[in-house]
$ cat upload_25.pdb   # PDB, C-alpha atoms, pLDDT in the B column
ATOM      1  CA  MET A   1     229.158 160.469  51.032  1.00 86.00           C
ATOM      2  CA  VAL A   2     226.033 162.568  51.604  1.00 95.00           C
ATOM      3  CA  ASP A   3     224.212 162.911  54.938  1.00 94.00           C
ATOM      4  CA  ILE A   4     220.604 161.800  55.471  1.00 95.00           C
ATOM      5  CA  GLN A   5     219.305 165.344  56.061  1.00 95.00           C
ATOM      6  CA  THR A   6     220.514 166.366  52.609  1.00 96.00           C
ATOM      7  CA  LEU A   7     218.912 163.303  51.004  1.00 95.00           C
ATOM      8  CA  LYS A   8     215.592 164.180  52.670  1.00 95.00           C
ATOM      9  CA  LYS A   9     215.595 167.468  50.716  1.00 95.00           C
ATOM     10  CA  ILE A  10     215.269 165.503  47.487  1.00 95.00           C
ATOM     11  CA  ASN A  11     211.644 164.943  46.428  1.00 92.00           C
ATOM     12  CA  PHE A  12     212.457 161.517  44.980  1.00 88.00           C
ATOM     13  CA  LEU A  13     213.925 160.298  48.292  1.00 92.00           C
ATOM     14  CA  LYS A  14     212.142 162.237  51.038  1.00 90.00           C
ATOM     15  CA  ASP A  15     209.478 159.593  51.716  1.00 87.00           C
ATOM     16  CA  LEU A  16     211.906 156.663  51.972  1.00 90.00           C
ATOM     17  CA  PRO A  17     212.442 155.064  55.393  1.00 91.00           C
ATOM     18  CA  GLY A  18     215.535 156.126  57.369  1.00 92.00           C
ATOM     19  CA  ASN A  19     217.254 152.737  57.035  1.00 91.00           C
ATOM     20  CA  VAL A  20     216.975 152.954  53.228  1.00 91.00           C
ATOM     21  CA  LEU A  21     218.369 156.509  53.214  1.00 93.00           C
ATOM     22  CA  GLU A  22     221.295 155.370  55.383  1.00 94.00           C
ATOM     23  CA  LYS A  23     222.294 152.812  52.769  1.00 93.00           C
ATOM     24  CA  ILE A  24     221.826 155.279  49.902  1.00 94.00           C
ATOM     25  CA  CYS A  25     224.155 157.692  51.737  1.00 95.00           C
ATOM     26  CA  THR A  26     226.976 155.221  51.253  1.00 94.00           C
ATOM     27  CA  VAL A  27     226.807 155.437  47.443  1.00 96.00           C
ATOM     28  CA  ALA A  28     225.819 159.110  47.034  1.00 97.00           C
ATOM     29  CA  GLN A  29     228.343 161.850  46.213  1.00 97.00           C
ATOM     30  CA  MET A  30     227.954 165.630  46.471  1.00 98.00           C
ATOM     31  CA  GLU A  31     229.358 167.507  43.483  1.00 98.00           C
ATOM     32  CA  THR A  32     229.519 171.178  42.521  1.00 98.00           C
ATOM     33  CA  PHE A  33     229.153 172.212  38.890  1.00 98.00           C
ATOM     34  CA  ASP A  34     229.729 175.599  37.270  1.00 98.00           C
ATOM     35  CA  GLU A  35     227.164 177.387  35.125  1.00 98.00           C
ATOM     36  CA  GLU A  36     227.042 175.962  31.580  1.00 97.00           C
ATOM     37  CA  THR A  37     228.496 172.598  32.610  1.00 98.00           C
ATOM     38  CA  ILE A  38     226.959 169.828  30.522  1.00 97.00           C
ATOM     39  CA  LEU A  39     226.060 166.911  32.784  1.00 98.00           C
ATOM     40  CA  VAL A  40     224.402 164.645  30.227  1.00 96.00           C
ATOM     41  CA  ARG A  41     224.425 164.789  26.427  1.00 96.00           C
ATOM     42  CA  GLN A  42     221.485 163.717  24.309  1.00 94.00           C
ATOM     43  CA  ASP A  43     222.034 160.300  22.685  1.00 93.00           C
ATOM     44  CA  GLN A  44     224.855 159.313  25.067  1.00 94.00           C
ATOM     45  CA  GLU A  45     224.488 156.557  27.643  1.00 93.00           C
ATOM     46  CA  GLN A  46     223.520 157.659  31.133  1.00 92.00           C
ATOM     47  CA  HIS A  47     225.263 156.073  34.083  1.00 93.00           C
ATOM     48  CA  LEU A  48     224.389 158.505  36.862  1.00 95.00           C
ATOM     49  CA  ILE A  49     221.311 159.671  38.718  1.00 95.00           C
ATOM     50  CA  TYR A  50     221.374 163.410  39.484  1.00 97.00           C
ATOM     51  CA  MET A  51     219.586 165.154  42.362  1.00 97.00           C
ATOM     52  CA  VAL A  52     219.629 168.955  42.513  1.00 98.00           C
ATOM     53  CA  VAL A  53     220.468 170.295  45.977  1.00 98.00           C
ATOM     54  CA  SER A  54     220.872 173.908  44.834  1.00 98.00           C
ATOM     55  CA  GLY A  55     221.022 175.665  41.502  1.00 98.00           C
ATOM     56  CA  LYS A  56     219.140 175.146  38.272  1.00 98.00           C
ATOM     57  CA  ILE A  57     219.436 172.567  35.494  1.00 98.00           C
ATOM     58  CA  PHE A  58     217.862 172.778  32.040  1.00 97.00           C
ATOM     59  CA  LEU A  59     216.852 169.600  30.241  1.00 95.00           C
ATOM     60  CA  ASN A  60     217.037 170.331  26.510  1.00 95.00           C
ATOM     61  CA  CYS A  61     216.568 168.220  23.416  1.00 93.00           C
ATOM     62  CA  ARG A  62     217.265 168.742  19.768  1.00 89.00           C
ATOM     63  CA  ALA A  63     214.261 168.198  17.552  1.00 83.00           C
ATOM     64  CA  ALA A  64     214.524 166.498  14.151  1.00 83.00           C
ATOM     65  CA  SER A  65     214.474 170.000  12.626  1.00 85.00           C
ATOM     66  CA  GLY A  66     217.658 170.803  14.561  1.00 85.00           C
ATOM     67  CA  LYS A  67     215.917 173.295  16.833  1.00 88.00           C
ATOM     68  CA  ALA A  68     216.844 173.090  20.534  1.00 86.00           C
ATOM     69  CA  LEU A  69     213.872 172.816  22.891  1.00 89.00           C
ATOM     70  CA  THR A  70     213.832 173.131  26.680  1.00 91.00           C
ATOM     71  CA  LEU A  71     211.855 170.224  28.103  1.00 88.00           C
ATOM     72  CA  ASP A  72     212.183 171.103  31.762  1.00 90.00           C
ATOM     73  CA  GLU A  73     213.811 173.463  34.230  1.00 95.00           C
ATOM     74  CA  LEU A  74     214.855 171.670  37.412  1.00 96.00           C
ATOM     75  CA  ASP A  75     215.721 173.314  40.705  1.00 97.00           C
ATOM     76  CA  ASN A  76     216.194 172.273  44.343  1.00 97.00           C
ATOM     77  CA  GLY A  77     214.859 168.832  45.181  1.00 96.00           C
ATOM     78  CA  HIS A  78     214.419 167.574  41.613  1.00 95.00           C
ATOM     79  CA  THR A  79     215.948 164.423  40.138  1.00 94.00           C
ATOM     80  CA  PHE A  80     216.857 163.311  36.635  1.00 94.00           C
ATOM     81  CA  GLY A  81     218.654 160.346  35.099  1.00 92.00           C
ATOM     82  CA  VAL A  82     216.503 157.823  36.957  1.00 89.00           C
ATOM     83  CA  SER A  83     215.997 155.774  33.790  1.00 87.00           C
ATOM     84  CA  SER A  84     219.676 154.776  34.082  1.00 90.00           C
ATOM     85  CA  LEU A  85     218.498 152.374  36.807  1.00 86.00           C
ATOM     86  CA  LEU A  86     216.670 150.343  34.204  1.00 80.00           C
ATOM     87  CA  ASP A  87     219.489 150.148  31.691  1.00 75.00           C
ATOM     88  CA  ASN A  88     222.114 152.365  30.129  1.00 70.00           C
ATOM     89  CA  THR A  89     220.100 153.439  27.114  1.00 79.00           C
ATOM     90  CA  PRO A  90     220.955 156.746  25.464  1.00 90.00           C
ATOM     91  CA  SER A  91     219.653 159.928  27.057  1.00 92.00           C
ATOM     92  CA  THR A  92     216.730 161.645  25.372  1.00 91.00           C
ATOM     93  CA  TYR A  93     217.952 165.085  26.520  1.00 94.00           C
ATOM     94  CA  THR A  94     220.986 167.224  27.276  1.00 96.00           C
ATOM     95  CA  ALA A  95     221.252 168.401  30.889  1.00 97.00           C
ATOM     96  CA  ILE A  96     223.092 171.681  31.363  1.00 97.00           C
ATOM     97  CA  CYS A  97     223.637 173.820  34.445  1.00 98.00           C
ATOM     98  CA  ALA A  98     221.805 177.125  34.057  1.00 97.00           C
ATOM     99  CA  GLU A  99     223.719 178.413  37.099  1.00 98.00           C
ATOM    100  CA  ASP A 100     226.296 177.137  39.566  1.00 98.00           C
ATOM    101  CA  SER A 101     224.749 174.013  41.081  1.00 98.00           C
ATOM    102  CA  LYS A 102     225.260 171.510  43.883  1.00 98.00           C
ATOM    103  CA  VAL A 103     224.127 168.077  42.792  1.00 98.00           C
ATOM    104  CA  ILE A 104     224.057 164.651  44.414  1.00 98.00           C
ATOM    105  CA  THR A 105     225.194 161.961  41.991  1.00 98.00           C
ATOM    106  CA  ILE A 106     224.730 158.230  42.364  1.00 96.00           C
ATOM    107  CA  ALA A 107     226.171 155.688  39.957  1.00 95.00           C
ATOM    108  CA  SER A 108     223.243 153.584  38.785  1.00 93.00           C
ATOM    109  CA  SER A 109     225.422 150.450  38.876  1.00 93.00           C
ATOM    110  CA  GLU A 110     226.180 151.019  42.586  1.00 94.00           C
ATOM    111  CA  LEU A 111     222.519 151.570  43.392  1.00 92.00           C
ATOM    112  CA  ARG A 112     221.546 148.398  41.502  1.00 91.00           C
ATOM    113  CA  GLN A 113     224.168 146.477  43.521  1.00 93.00           C
ATOM    114  CA  LEU A 114     222.595 147.879  46.676  1.00 92.00           C
ATOM    115  CA  PHE A 115     219.190 146.639  45.454  1.00 89.00           C
ATOM    116  CA  GLU A 116     220.597 143.170  44.826  1.00 91.00           C
ATOM    117  CA  SER A 117     222.067 143.000  48.318  1.00 92.00           C
ATOM    118  CA  ASP A 118     218.831 144.215  49.937  1.00 90.00           C
ATOM    119  CA  TYR A 119     215.618 143.642  47.995  1.00 88.00           C
ATOM    120  CA  ALA A 120     213.601 145.801  50.408  1.00 86.00           C
ATOM    121  CA  ILE A 121     215.704 148.833  49.420  1.00 86.00           C
ATOM    122  CA  GLY A 122     215.242 148.016  45.745  1.00 87.00           C
ATOM    123  CA  TYR A 123     211.499 147.725  46.228  1.00 88.00           C
ATOM    124  CA  GLU A 124     211.210 151.054  48.069  1.00 85.00           C
ATOM    125  CA  VAL A 125     213.301 152.955  45.524  1.00 85.00           C
ATOM    126  CA  MET A 126     211.623 151.395  42.510  1.00 86.00           C
ATOM    127  CA  LYS A 127     208.202 152.395  43.913  1.00 86.00           C
ATOM    128  CA  GLN A 128     209.514 155.971  43.787  1.00 83.00           C
ATOM    129  CA  VAL A 129     210.728 155.431  40.204  1.00 81.00           C
ATOM    130  CA  VAL A 130     207.241 154.312  39.159  1.00 84.00           C
ATOM    131  CA  GLU A 131     205.651 157.330  40.883  1.00 84.00           C
ATOM    132  CA  LYS A 132     208.130 159.679  39.193  1.00 78.00           C
ATOM    133  CA  PHE A 133     207.392 158.281  35.733  1.00 78.00           C
ATOM    134  CA  LYS A 134     203.656 158.334  36.409  1.00 85.00           C
ATOM    135  CA  ARG A 135     203.791 162.051  37.333  1.00 82.00           C
ATOM    136  CA  ARG A 136     206.010 162.826  34.337  1.00 76.00           C
ATOM    137  CA  LEU A 137     203.684 161.000  31.939  1.00 79.00           C
ATOM    138  CA  GLY A 138     200.689 162.894  33.354  1.00 85.00           C
ATOM    139  CA  ARG A 139     202.496 166.243  33.008  1.00 79.00           C
ATOM    140  CA  HIS A 140     203.587 165.477  29.445  1.00 73.00           C
ATOM    141  CA  THR A 141     200.069 164.358  28.515  1.00 84.00           C
ATOM    142  CA  ASP A 142     198.666 167.630  29.882  1.00 81.00           C
ATOM    143  CA  GLN A 143     201.276 169.616  27.932  1.00 75.00           C
ATOM    144  CA  PHE A 144     200.517 167.685  24.754  1.00 78.00           C
ATOM    145  CA  MET A 145     196.769 168.225  25.110  1.00 84.00           C
ATOM    146  CA  GLU A 146     197.295 171.947  25.749  1.00 81.00           C
ATOM    147  CA  THR A 147     199.439 172.192  22.628  1.00 76.00           C
ATOM    148  CA  LEU A 148     196.815 170.374  20.580  1.00 78.00           C
ATOM    149  CA  SER A 149     194.068 172.671  21.857  1.00 80.00           C
ATOM    150  CA  THR A 150     195.944 175.751  20.636  1.00 79.00           C
ATOM    151  CA  HIS A 151     197.102 174.327  17.296  1.00 71.00           C
ATOM    152  CA  PRO A 152     195.574 176.431  14.502  1.00 73.00           C
ATOM    153  CA  ALA A 153     194.607 173.443  12.369  1.00 69.00           C
ATOM    154  CA  ILE A 154     192.765 171.655  15.150  1.00 66.00           C
ATOM    155  CA  GLY A 155     192.097 174.396  17.689  1.00 54.00           C
ATOM    156  CA  HIS A 156     188.388 174.316  16.932  1.00 53.00           C
ATOM    157  CA  ILE A 157     188.053 170.811  18.366  1.00 51.00           C
ATOM    158  CA  LYS A 158     186.729 170.895  21.882  1.00 53.00           C
ATOM    159  CA  ASN A 159     187.294 168.284  24.501  1.00 52.00           C
ATOM    160  CA  GLU A 160     183.619 167.634  25.156  1.00 52.00           C
ATOM    161  CA  PRO A 161     182.050 164.268  25.813  1.00 53.00           C
ATOM    162  CA  LYS A 162     180.593 162.646  22.731  1.00 52.00           C
ATOM    163  CA  GLU A 163     176.915 161.931  22.722  1.00 55.00           C
ATOM    164  CA  THR A 164     176.053 158.309  22.416  1.00 53.00           C
ATOM    165  CA  PRO A 165     173.031 157.284  20.394  1.00 52.00           C
ATOM    166  CA  GLU A 166     170.107 156.017  22.409  1.00 54.00           C
ATOM    167  CA  ARG A 167     169.411 152.360  22.114  1.00 49.00           C
ATOM    168  CA  SER A 168     165.918 151.087  21.609  1.00 42.00           C
TER     169      SER A 168
END

$ encode --input "upload_25.pdb" --output "structure tokens"
Amino acid sequence: MVDIQTLKKINFLKDLPGNVLEKICTVAQMETFDEETILVRQDQEQHLIYMVVSGKIFLNCRAASGKALTLDELDNGHTFGVSSLLDNTPSTYTAICAEDSKVITIASSELRQLFESDYAIGYEVMKQVVEKFKRRLGRHTDQFMETLSTHPAIGHIKNEPKETPERS
């Protein structure tokens, strides 16, 4: 079990009401992982939500070319594995500890059971899920546009508004 004060340090949970955090405490576990521990492997089903209390986690993926790419570097307060709430589809990344890390884990099946027993909790948490994915999509769109703007084959294209022909 994890105390409420620790849960409030997690960006994903900090804005939830106290009564919701109290119930989440009952299904949350604090775990310590050594540097280089692999928490999630790309293409394997995810069953846990991870919340970094201290340390650093790299989210990596292997491109079709076989090259490993770092998608994100997560530190205190960050969460990953939230998509396991929706279903247990394969992970799109490998999560590895870049240093010794303390991480809160929650089994997605236990959290879904909590949602089913109290719809208000499910609603509050799923609002946070939507916000998280919205921010991630915005960040990835910005990264993609930046990459496009520096690509040698298309770098000359500017992101300027197109002129529309005047109508008579």

$ residues_around --input "upload_25.pdb" --residues "Leu69 (chain A)" --least-positions-apart "4" --cutoff "12 Å" --atoms "only C-alpha atoms" --output "ChimeraX atom specification"
/A:42,58-65,73,92-95

$ residues_around --input "upload_25.pdb" --residues "Lys127 (chain A)" --least-positions-apart "4" --cutoff "12 Å" --atoms "all atoms listed in the file" --output "MDAnalysis selection string"
chainID A and resid 12:13 15:16 120:123 131:134

$ residues_around --input "upload_25.pdb" --residues "region 104-119 of chain A" --least-positions-apart "6" --cutoff "7 Å" --atoms "only C-alpha atoms" --output "list in words"
Val27, Ala28, Gln29, Met30, Glu31, His47, Leu48, Ile49, Tyr50, Met51, Val52, Val53, Ser84 and Leu85 of chain A

$ atom_distance --input "upload_25.pdb" --atom1 "CA of Gln46 (chain A)" --atom2 "CA of Ser83 (chain A)"
8.2 Å

$ atom_distance --input "upload_25.pdb" --atom1 "CA of Phe33 (chain A)" --atom2 "CA of Asp100 (chain A)"
5.7 Å

$ atom_distance --input "upload_25.pdb" --atom1 "CA of Leu71 (chain A)" --atom2 "CA of Glu124 (chain A)"
27.7 Å

$ axis_aligned_box --input "upload_25.pdb" --around "region 135-146 of chain A" --padding-each-side "3 Å" --output "AutoDock Vina command-line options"
--center_x 201.4 --center_y 166.5 --center_z 31.0 --size_x 15.2 --size_y 16.9 --size_z 18.6

$ closest_residue --input "upload_25.pdb" --among "A:Gln128, A:Leu7, A:Leu86, A:Val40" --to "Thr26 (chain A)" --atoms "all atoms listed in the file"
A:Leu7

$ resolve_selection --input "upload_25.pdb" --expression "the PyMOL selection byres ((chain A and resi 44) around 6)" --output "compact mmCIF listing (two decimals) with C-alpha atoms, in the coordinates of the input"
# COMPACT_ATOMS: atom_id res chain seq x y z
CA ARG A 41 224.42 164.79 26.43
CA GLN A 42 221.48 163.72 24.31
CA ASP A 43 222.03 160.30 22.68
CA GLU A 45 224.49 156.56 27.64
CA PRO A 90 220.96 156.75 25.46
CA SER A 91 219.65 159.93 27.06

$ closest_residue --input "upload_25.pdb" --among "A:Gly66, A:Pro152, A:Gly77, A:Gly55" --to "Ile10 (chain A)" --atoms "only C-alpha atoms"
A:Gly77

$ residues_around --input "upload_25.pdb" --residues "Ile57 (chain A)" --least-positions-apart "4" --cutoff "9 Å" --atoms "all atoms listed in the file" --output "list in words"
Val52, Asp72, Glu73, Leu74, Asp75, Ala95, Ile96, Cys97, Ala98, Glu99 and Ser101 of chain A

$ resolve_selection --input "upload_25.pdb" --expression "the PyMOL selection byres ((chain A and resi 25) around 7)" --output "ChimeraX atom specification"
/A:1-4,21-24,26-28
